[in-house]
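**Q** Please see the structure below; I have some questions.
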Amino acid sequence: MMMKNLLQKSAVIGITVALLSSVSSYAQSLWKTALNNKDVLVLSTLFTAQDCRDKINTAEGLDAAVKWCKETGLTRVFIESFRGGYYAEKETLVNARDRFRKEGFDVAGCVTTVRVGKNGVGGWGMTPCYTHESTVKEFEKIFEYTASIFDLIMIDDFLFTECTCEDCIAAKGDLTWAKFRSDLLVKFSNDHIIRPAKRVNPKAEIIIKYPLWYDYFHERGYEVVRESMDYDYTWVGTETRDYNFDIKPGGTVQYNAFFIMRWLDGIGAGKAGGGWIDALGTTPKYYVEQARQTVLGNGREIMLFHYGSLQTNSNTYDGWDGTPIADVDALKKEIPLLFDLARLVRGKALKGIYLPKLPNSEPIKEPYIFSYLGMLGLPLIPGHELTSSDPSVIYTTHALKDPSFSSKLYSVLNSGKQVAVTEELANRLSDQTLLENKNLMVFKSGDDPKKFLKMTKEEIQPLRDRLLAPLGIKFNAPVKVSFYLLGDSHIVIENFNDEPVDATIELPKVTDARQALLIPSGGKAALSKNGNVVTLKGISPRTLVAFEYRQQ
């Protein structure tokens, strides 16, 4: 009996050792894979100022952090000097910087501009009043401090103001709040962030990270044209999170990440370095979609916010429960495939339907309509100017930012392009005779873009058929399926539904089609070709499929 028990214990120990060895081997393999693919996609994380204090201020804490980062396939870390009124100690920052560099990581700094100087009055209440002298002095101190330690510094997406204090009202004068705040933040950035940082460290480069809420940037002082020009790089919040508008508000549709990534990259002329995803109020299927959409948006880096929170099992944000550890576990399984997706995307121009949002334009009654249009299976090309060379275009009320829009629309229609305008825009056109043009259709968009998610294929199909006709393409699929035309030979389709869907794509003169990528690895999609029609049958829930095709 004793011998039998010893043999059983030995077997258990052997299995345990084998499992641990397997896990360790996989972690090392993921780290090596990440290092080998840094040229196309980088994954990183942030250590907040509070993480520096609580998680990596000891040798043991640093050991654990390095181990986790390697096991997660990260090759860069951002180490934050200031957040919420707290300065991380310089010794901690320097030790962490040097340790991560020694371990083979790229290292950068970060600043979160919350509770700096005088708090603003009104709104959220934690962003500063930028007209107050104490705010000026504190900003300069923060960025001089950070630039003395790091050559690259990211600013988290709180560089905005909602302040309506007496001083701000006086400084605003007759300007609109949007104009006043935008001008204020552009000048403040140059005078009290960029110059102080570069004065201390001439090699310092600074990233401005924009939030997810692109339709209201200018109202709070984010002026994307001038700030993208002034800062060295731009980043984007692509943390779309869980949503179900039938149950409660909160969260954002997945396509939002793709749209804002591409839109801002165009404005910054290629300065957009990456997207920032998080697990707040987010479960695994939505978390991995944040990463996929960031890559499809041509993001060259994915930041996982943030180390401390990603060590926890659960959180609650905006009324939704999040599962950070489970989220990261799900992402790790997809990371090798994300490298493949990044290689597939890189260097291929988007083809399809032009979708412009003019910078600093008002949504009127169509907030975030661009994100919802992308959920309708339309291959969109986000842009920031009214016109392009693309054969089809969709205009929303944002086009009214240009006072000469009607005359420009007249020229676009007479050039032979197919144009769709939203119902709200059609009602507001100064020249209503434009609606009679044979090349224009009015999309019955209704009074709430969220309702797009309830549309039937029959309601969407006329819009698809009209705008895709100049490309010689037809597409058929339910809503909550996104469609991307990459270059002249690749198509990506992502199913955001919780049930399998079928999709058919008719292309001009197709000679061959083959599946190029499937995410996740356990996903399903049966590809077949019949003449010029490619069918993807049974695309499994929450699955991305890419295929390559050839034409005569």
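Labels used: A, B, ... for chains in the order of the structure tokens, numbers from 1 for residues in each chain, and numbers from 1 for ligands as shown.
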If we count only C-alpha atoms, what is near Asp318 (chain A) at a cut-off of 9 Å, once residues fewer than 5 positions away on the same chain are taken out, given as an mmCIF file with N, CA and C atoms, in the first residue's frame?
**A**
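Result saved to selection-v7.cif:
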data_model
loop_
_atom_site.group_PDB
_atom_site.id
_atom_site.type_symbol
_atom_site.label_atom_id
_atom_site.label_comp_id
_atom_site.auth_asym_id
_atom_site.auth_seq_id
_atom_site.Cartn_x
_atom_site.Cartn_y
_atom_site.Cartn_z
ATOM 1 N N PRO A 249 -27.435 51.827 -20.771
ATOM 2 C CA PRO A 249 -26.421 52.577 -21.513
ATOM 3 C C PRO A 249 -25.026 52.175 -21.056
ATOM 4 N N GLY A 250 -24.039 52.703 -21.731
ATOM 5 C CA GLY A 250 -22.652 52.401 -21.373
ATOM 6 C C GLY A 250 -22.018 51.482 -22.403
ATOM 7 N N GLY A 251 -20.703 51.631 -22.554
ATOM 8 C CA GLY A 251 -19.998 50.848 -23.554
ATOM 9 C C GLY A 251 -20.100 51.485 -24.936
ATOM 10 N N LEU A 280 -11.602 47.418 -17.988
ATOM 11 C CA LEU A 280 -12.624 47.983 -17.115
ATOM 12 C C LEU A 280 -14.008 47.714 -17.699
ATOM 13 N N GLY A 281 -14.860 47.053 -16.928
ATOM 14 C CA GLY A 281 -16.200 46.742 -17.406
ATOM 15 C C GLY A 281 -16.202 45.902 -18.668
#
**Q** Counting only C-alpha atoms, what is within 12 Å of region 81-83 of chain A, bar same-chain residues fewer than 2 positions away, as a PyMOL selection string?
**A** chain A and resi 46-53+78-79+85-94+96-97+108-116+126-127+138-139+141-150+153-158
**Q** Return as a PDB file with C-alpha atoms, in the first residue's frame the full set of residues in region 431-509 of chain A whose backbone-based DSSP assignment is strand (DSSP E).
**A**
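Produced file selection.pdb, reproduced below:
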ATOM      1  CA  LEU A 440     -27.758  60.735 -54.463  1.00  0.00           C
ATOM      2  CA  MET A 441     -29.714  58.560 -52.079  1.00  0.00           C
ATOM      3  CA  VAL A 442     -31.061  59.474 -48.661  1.00  0.00           C
ATOM      4  CA  PHE A 443     -30.295  56.860 -46.034  1.00  0.00           C
ATOM      5  CA  LYS A 474     -22.003  43.028 -53.661  1.00  0.00           C
ATOM      6  CA  PHE A 475     -22.080  42.073 -49.998  1.00  0.00           C
ATOM      7  CA  ASN A 476     -24.744  40.294 -48.023  1.00  0.00           C
ATOM      8  CA  VAL A 481     -20.776  42.254 -39.206  1.00  0.00           C
ATOM      9  CA  SER A 482     -17.904  44.505 -40.292  1.00  0.00           C
ATOM     10  CA  PHE A 483     -16.318  44.406 -43.742  1.00  0.00           C
ATOM     11  CA  TYR A 484     -12.834  45.636 -44.719  1.00  0.00           C
ATOM     12  CA  LEU A 485     -11.291  45.814 -48.205  1.00  0.00           C
ATOM     13  CA  LEU A 486      -7.512  45.760 -47.882  1.00  0.00           C
ATOM     14  CA  HIS A 490      -7.585  40.768 -49.200  1.00  0.00           C
ATOM     15  CA  ILE A 491     -10.920  41.016 -47.421  1.00  0.00           C
ATOM     16  CA  VAL A 492     -11.524  40.845 -43.669  1.00  0.00           C
ATOM     17  CA  ILE A 493     -14.912  40.167 -42.108  1.00  0.00           C
ATOM     18  CA  GLU A 494     -15.630  40.174 -38.388  1.00  0.00           C
ATOM     19  CA  ASN A 495     -18.778  38.767 -36.824  1.00  0.00           C
ATOM     20  CA  VAL A 501     -23.721  34.153 -39.581  1.00  0.00           C
ATOM     21  CA  ASP A 502     -23.309  33.622 -43.315  1.00  0.00           C
ATOM     22  CA  ALA A 503     -21.772  36.206 -45.626  1.00  0.00           C
ATOM     23  CA  THR A 504     -21.511  36.363 -49.418  1.00  0.00           C
ATOM     24  CA  ILE A 505     -19.239  38.641 -51.400  1.00  0.00           C
ATOM     25  CA  GLU A 506     -19.536  39.040 -55.158  1.00  0.00           C
TER      26      GLU A 506
END
**Q** What lies within 8 Å of region 166-171 of chain A using only C-alpha atoms, ignoring chain neighbours under 2 positions off, as a VMD selection string?
**A** chain A and resid 129 131 to 132 163 to 164 173
**Q** Write the residues of the selection above to a file with C-alpha atoms, as a short mmCIF file (atom, residue, chain, number, x, y, z; two decimals), in the first residue's frame.
**A**
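What landed in selection-v5.cif:
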data_model
loop_
_atom_site.label_atom_id
_atom_site.label_comp_id
_atom_site.auth_asym_id
_atom_site.auth_seq_id
_atom_site.Cartn_x
_atom_site.Cartn_y
_atom_site.Cartn_z
CA CYS A 129 -8.36 74.91 -14.66
CA THR A 131 -6.02 79.59 -16.72
CA HIS A 132 -4.77 79.37 -13.13
CA CYS A 163 -13.85 74.43 -16.30
CA THR A 164 -16.41 77.23 -16.10
CA GLY A 173 -14.88 86.56 -23.72
#
**Q** For each of A:Leu185, A:Leu152, A:Ile302, A:Ala426, take the minimum atom-to-atom distance to Ala197 (chain A), counting only C-alpha atoms, then give the residue where this is smallest.
**A** A:Leu152
